[in-house]
Amino acid sequence: MTTVNAIAGDIREGRYEDRYRRLKSWGFTPRNIGMILLILFLGFLTLYPLAMLIYGSLHSTPPGMAGEFNLNGYRELLSTHNLIALLNTLGISFAKTIPSLALAVLFSWIIARTDTPFRGQLEVLITLPFFVPSILTAMAWGMLGNPKVGLINQAYMAMTGGTEPLINVFSYGGIIWHLMQHSTPFLFLFIVDVFRAMDPALEDSSRMCGASRWRTFRSITLLLMLPALTNAFILSFIRGIESFESPLFFGSPAGITVVTTEIFNAINYRSGPQPDYQYATAISVAILVLMFLMVLVQWRMLRGRSFVTVTGKGYSPNVTKLGPWRWVTFGICVLFFVVTVVLPIGQLAVGSFFRFFGFYDPSMLTLANYVKVGTNPEFWRGFCNTMVLGVLGSTVTMFLGAIVAYISVRTRWRGRTLIDTMAWLPWMMPGMVLGIGFLWAFAILPKSIPIYGTIWALFLAYIALGTPIAVRVMVGSYAQLSLDLEECSRVHGATFFQTLWRILIALAWPSFVVGWVLTFFGILRELSASVMLYSVGSEVLSVIVMKLWLNGLAEQVSVIALFMMLLVIVFRWVQLRLLKHHITTL
Amino acid sequence: MPAITLEKVSREFGTFIAVDNIDLTVEEGEFVTLLGHSGCGKTTTLRMIAGLERNTGGLVSIHDQVVSDASKNYFLAPERRQLGMVFQSYAIWPHMTVFDNVAYPLRIRRKSAVEIKDRVTKTLKLVEMEQFAQRPAPALSGGQQQRVAIARALVFEPEVLLLDEPLSNLDARLRTQMGDEFRALQKRLGITSLYVTHDQAEAMALSDRVVVMHAGHILQVGAPDDIYHRPRSRAVADFFGSPNLFEGAVRGCERIGDDVFVLDVSGQGWSGRCRADMPSQAGESILVMIRPENLRVIDSGTPVKDGEITIQGRVADTIFRGARRTILLECGTANFNAEISALHPVTVGESIAFGVEPGAAWAIRP
């Protein structure tokens, strides 16, 4: 009897093993299943909206309605009006990138290579505008530079007695000026590290060959940085094409249209009796093609040219002694900070305490704006939505980024290039374009998956938009940790998961938090995808601010904007403290 | 029972074969070095034993346990092999103190706090790092990091210690000192060690046996003395220093012991006796290897010993090296070099006669 049982057992075990082996031979290992799930999720976030965009541009009716396939959307693109919008987009982006780059190089040199006093503090101040949501500064400058009642023009007219305004922000100049405030610190963040990481011997040897300081800067320093500068230039140019806030606030009143505002107008009843989805998606596809070409140019230009100067070695770069001139450079940096941060915040603070913005009379002082905002349920709902989306969205995005980055740099698994590419795709999709893509993608889903018109739509869009940066941050973090650190742990007895927890996570968590804060900033400032995907009940702060502004409630807007500024400064402070204490010691 | 056994072990990366079908055994308590130029497969071999790399062919065993068998698709994860390893970069975890780094293997093995404290302190004492226990790891010099890495690899008394070029990141003086210290420690503890290096001096000074590798193959295994003086091929001979190789023909062969033969050879401008590990036929052509330091200057007064190879050369250049003097000589169309006492005066252009004892000349099949 026992023998029979034993044999039966053997057979059963054999069968089980057989089945397991067969499953394995088909590729059903836990790792492969995980990879497939990851690919499906990333595909849903990136490829699916992309495909829906193309579908939408060829379909005559809005999502979910019967219609026919035609090329009307693309036919509509071919108009003078659109050509001007396209030229505006490219021209404005180009016009703002050039001076921004020059300023960024100047600031980088001041901060990294001169003995200007308080460089550490100045660096924090110069980079702050990058983290401030553009919509806030846009509104502040809309008040500051208003040709009729703007503070700057009022002050100018009072001082000179003139009647003509000094500046008018509702113009090409205004758009470019506002874009520069954001792209200068963006470029600075890229370039300053290049200045820092340069081996001083490269420059010293030029001086020893008889070149002057200025000659060395021109023919050695600048040329060595050329690949990095080119890369930064193209990135900033792409960002310029994607920009939405500045052209919306300063361009629309002056009748200047760019591609993003064109899309916005097409969907928001502005250009016709009803939203023209097909036209909007057709422009989106066109802009995607443009982006793709830009990225191609970037790749071609960078191919074969390595960032020779960025070696990651800890050089102490040459510092130029400026003598009394160091106070001039100090002044330039402070001036930039005052103009880009102090002035807008000042305007918002002033605006928030007066009954009507522009009429700054002591009798108009009031706290009513604060009370109105504080008792506005819509504001509190938006605040809660933003915080929930910010916290949850950043966390999920960073986890996704950490996993994708780990698989793409630390493993040799099949499919890693695919997930890396998919996670990078949203990088070349402007928020507005991704927003429309998702709009179609969610609208067409069956009713049993209720994403359309809910907060989940925003949630998924934010994850998609944040993933490229999350991946980059984590790739950078892992790249600093040599693989030996993990292998050593494995050999000394720790399992894969123990190693992950005790070595990799223990070492990479500060980067994770820094990336988290960056993603959080991204969500806080996000407007262009949000205006596409929000619906009643799922508004976020930036959308509420925009709606109030469009309704002419600049005073209440000031209150909310101040509040958001405060959030930005607090988070930035936390991030800087973490950077100081954890990253530098490694 | 050998501590490590490799049977027909291979590692292929696509079409590139990093390690090609090698066999090797390391005995209990032995110190074996894998020596070779970069890319010869030595590090890959070590990593396959560690379990960080999977062998695509063959069998790896540690003691009597098979840890990897390519034919059965069996592979034991690195953490289950009970090995200690010292990495080239030391891989000191920067977020831990010295104590935490060394305690890590014990914590993973869930030892009690008392035992951990006891054993870590003892091991740190062994490498003379006990006063640095609470120091954060990044605040250590290269030599100190190396000691911590060794302590961490020893603390749980592993079956075998693996070392991947542990001295290559140190400066020359510290390298010699740490090497000697480590060898003394290894002998005292009697721990089986497999050591990878590209530095021939290090390999000879430290090892019981040296394994010379080239292009994924093992060229020769033997005691340092054997490998140095009795290489089996030209490649192995070339590996150590810059030996002189003279082409010659065999005139006679005599067996003087187990696998030891004396050959009577002659070449262009020289003749005499040399040793070999295999018999040769008269008329066969061979290479005679003579190390530069074994060429003895024959002054006009000193007699030539029986059977000694004698060779004459014209001095082309001399290099003063402090302890020794290297002279480059021309002999007909051939060039050779000799290392002699720095006190011996030499002028360029003069002719010098050398003698070589039969024991210092070694025959290699070309």
# chains A, B, ... in the order shown; residues from 1 in each chain; ligands from 1
$ residues_around --residues "Asn231 of chain A" --least-positions-apart "4" --cutoff "9 Å" --atoms "only C-alpha atoms" --output "PyMOL selection string"
chain A and resi 226-227+235-236+298+301-302
$ residues_around --residues "Leu485 of chain A" --least-positions-apart "4" --cutoff "7 Å" --atoms "only C-alpha atoms" --output "list in words"
Ser489 of chain A; Ala91, Ile92 and Trp93 of chain B
$ closest_residue --among "B:Phe16, B:Phe156, B:Phe240, B:Phe354" --to "Gly84 of chain B" --atoms "only C-alpha atoms"
B:Phe156
$ residues_around --residues "segment 308-322 of chain B" --least-positions-apart "5" --cutoff "9 Å" --atoms "only C-alpha atoms" --output "VMD selection string"
chain B and resid 265 to 266 269 to 274 298 327 to 332 335 to 336 342 346 to 358 361
$ interface_residues --of "chain B" --to "chain A" --cutoff "10 Å" --atoms "only C-alpha atoms" --output "NGL selection string"
:B and (47 or 50-52 or 77-96 or 101 or 104-109 or 137-139 or 149 or 152-156 or 158 or 162)
$ select_by_dssp --residues "segment 198-338 of chain A" --states "helix (DSSP H, G or I)" --output "PyMOL selection string"
chain A and resi 200-208+213-242+245-254+259-267+277-302+323-338
$ select_by_dssp --residues "segment 53-254 of chain B" --states "strand (DSSP E or B)" --output "ChimeraX atom specification"
/B:57-62,65-69,74-75,83-86,97,136,160-164,192-197,209-214,217-222,244-254
$ residues_around --residues "segment 249-251 of chain B" --least-positions-apart "2" --cutoff "8 Å" --atoms "only C-alpha atoms" --output "compact mmCIF listing (two decimals) with C-alpha atoms, in the first residue's frame"
# COMPACT_ATOMS: atom_id res chain seq x y z
CA GLU B 247 67.23 29.66 -31.17
CA CYS B 253 69.87 14.37 -24.76
CA LEU B 263 70.21 18.76 -23.54
CA ASP B 264 73.40 19.53 -25.36
CA VAL B 265 72.55 22.46 -27.65
CA SER B 266 74.27 24.90 -29.95
CA GLY B 267 73.24 28.06 -31.76
CA SER B 280 64.43 15.61 -27.52
CA GLN B 281 65.87 14.08 -30.64
CA ALA B 282 69.21 15.20 -31.98
CA GLY B 283 68.75 17.81 -34.68
CA GLU B 284 65.47 19.10 -33.27
CA SER B 285 65.28 22.91 -33.09
CA ILE B 286 64.36 24.51 -29.79
$ atom_distance --atom1 "atom CA of Arg414 of chain A" --atom2 "atom CA of Ile39 of chain A"
11.5 Å
$ atom_distance --atom1 "atom CA of Arg196 of chain A" --atom2 "atom CA of Arg113 of chain A"
7.6 Å
$ residues_around --residues "segment 449-459 of chain A" --least-positions-apart "3" --cutoff "6 Å" --atoms "only C-alpha atoms" --output "CSV table (one decimal) with C-alpha atoms, in the first residue's frame"
chain,number,residue,atom,x,y,z
A,442,PHE,CA,-10.2,57.7,-21.8
A,443,ALA,CA,-13.3,58.7,-23.7
A,446,PRO,CA,-15.8,51.1,-21.9
A,462,TYR,CA,0.8,63.4,-14.3
A,535,SER,CA,-13.9,68.4,-15.1
A,538,SER,CA,-11.5,67.4,-10.2
